[in-house]
Amino acid sequence: MTVYRDGPLCYISIWLFFRKSWAEARRKAREEATMKLPQPRFEGNVSLETAIKVRRTVRSFAPDTLTLGDLSQLLWAAQGITEDRGFKRAAASGGALYPMDIYGVLGEKCIQGLQAGIYHYEPNDHAVIRSSDGDARDALARAALGQMWMAGAPLNLVLTAEYARICGKYGERGVRYAMIEAGHVGQNIFLQAEARGLGAGIVGAFHDREVAQVLKIPRSHEPLLIMPVGYKR
C-alpha cells in the first residue's frame with residue numbers, strides 16, 4: 001500500500017476519504033428521515049359527485065390526530081403516481097413536466113407515526129422525507145399575514161413550484177401553466193379530504209420569502225398555496 005506523506009496526492013487522498021464519509025453519512029441520515037407511506041386506496045365510501053357537492057373551505061379544525069393513511073391519500077391525490085410502471089401523476093401538468101413540490105408542516109401527535117416537523121413528499125417512492133424538526137405551524141401562520149387559525153390544523157400542505165422545470169420548454173408561459181397546475185392539485189386535495197371525512201382550507205395570502213424561510217426550502221421553490229387539513233369542528 002502506498003502512503004502519501006506529503007504533496008498534493010496526500011491532500012487529495014484525505015479529501016476523497018472525507019468526501020466519501022460525508023456522502024455515506026448524508027445517505028444514512030436521509031434513510032433515517034424517510035418514511036414510506038401506506039399504499040393509496042383507489043376506492044372510497046364517498047362518490048366524486050358527493051365530494052364536489054359538499055366540499056367547503058374549512059377554517060376551524062378539531063385536534064384529532066390524522067392517520068398515515070390520511071396523509072398517504074392526500075399526497076397521492078396531490079402529486080402521486082397514477083400509472084403502473086410509469087410517471088404520470090394525479091394532477092394535469094403542462095408537458096408532463098411537473099414543476100410542483102408538496103411540503104407538509106405538522107405538529108407533535110398530529111399524524112400517527114410521525115414526529116413534528118416539515119416533510120417533503122417524494123412521488124416516485126410514495127414517501128415523505130423529514131427535512132426539519134419541530135412544530136412550525138405557528139411560524140407558518142405568522143408568515144401568512146397572521147392567519148393563526150391555520151396553526152389549529154394538524155397538517156398544513158404547502159404547494160411550491162420550481163418554474164425552471166417548465167419554463168425551459170414553454171418560456172414565460174410556463175409560469176402560468178405552473179399556477180394552473182397548482183389549482184388542479186388544490187382541488188384534488190379538497191376532494192380527497194372530503195372523501196376521507198376531513199376538511200381543508202386554502203390560503204394564498206402570505207409573504208413568499210417568509211414562508212420559504214419557515215420551510216427551509218431551496219430558493220428555486222416558490223410557494224403558491226397553503227392548504228390546512230384536519231377534522232372539521
# chains A, B, ... in the order shown; residues from 1 in each chain; ligands from 1

call {"tool": "select_by_dssp", "arguments": {"residues": "stretch 30-138 of chain A", "states": "helix (DSSP H, G or I)", "output": "JSON, numbers by chain"}}
result
{"A": [30, 31, 32, 33, 48, 49, 50, 51, 52, 53, 54, 68, 69, 70, 71, 72, 73, 74, 75, 76, 77, 78, 79, 94, 95, 96, 137, 138]}

call {"tool": "write_last_selection", "arguments": {"atoms": "C-alpha atoms", "output": "compact mmCIF listing (two decimals), in the first residue's frame"}}
result
# COMPACT_ATOMS: atom_id res chain seq x y z
CA ARG A 30 -31.72 10.63 4.55
CA GLU A 31 -32.73 6.99 5.03
CA GLU A 32 -33.45 7.59 8.72
CA ALA A 33 -35.57 10.64 7.87
CA LEU A 48 -66.88 12.05 -6.59
CA GLU A 49 -70.19 13.81 -7.18
CA THR A 50 -70.95 13.93 -3.45
CA ALA A 51 -67.47 15.22 -2.64
CA ILE A 52 -67.88 18.03 -5.17
CA LYS A 53 -71.34 18.91 -3.85
CA VAL A 54 -70.50 19.07 -0.14
CA LEU A 68 -50.70 7.78 7.95
CA GLY A 69 -53.42 6.55 5.62
CA ASP A 70 -54.93 10.04 5.57
CA LEU A 71 -51.56 11.58 4.71
CA SER A 72 -50.92 8.93 2.07
CA GLN A 73 -54.21 9.60 0.31
CA LEU A 74 -53.85 13.39 0.42
CA LEU A 75 -50.33 13.35 -1.01
CA TRP A 76 -51.20 10.75 -3.62
CA ALA A 77 -54.19 12.83 -4.74
CA ALA A 78 -51.94 15.87 -4.95
CA GLN A 79 -48.93 14.51 -6.83
CA GLY A 94 -48.13 21.12 -18.93
CA GLY A 95 -45.90 18.80 -20.96
CA ALA A 96 -45.94 16.33 -18.02
CA ARG A 137 -47.29 25.76 12.25
CA ASP A 138 -47.34 28.98 14.27

call {"tool": "closest_residue", "arguments": {"among": "A:Ala164, A:Val58, A:Leu97, A:Leu37", "to": "A:Gly152", "atoms": "only C-alpha atoms"}}
result
A:Val58

call {"tool": "closest_residue", "arguments": {"among": "A:Ile102, A:Ala193, A:Val214, A:Leu66", "to": "A:Ala143", "atoms": "only C-alpha atoms"}}
result
A:Val214

call {"tool": "atom_distance", "arguments": {"atom1": "atom CA of A:Arg55", "atom2": "atom CA of A:Phe87"}}
result
28.9 Å

call {"tool": "atom_distance", "arguments": {"atom1": "atom CA of A:Ala178", "atom2": "atom CA of A:Gly134"}}
result
29.9 Å
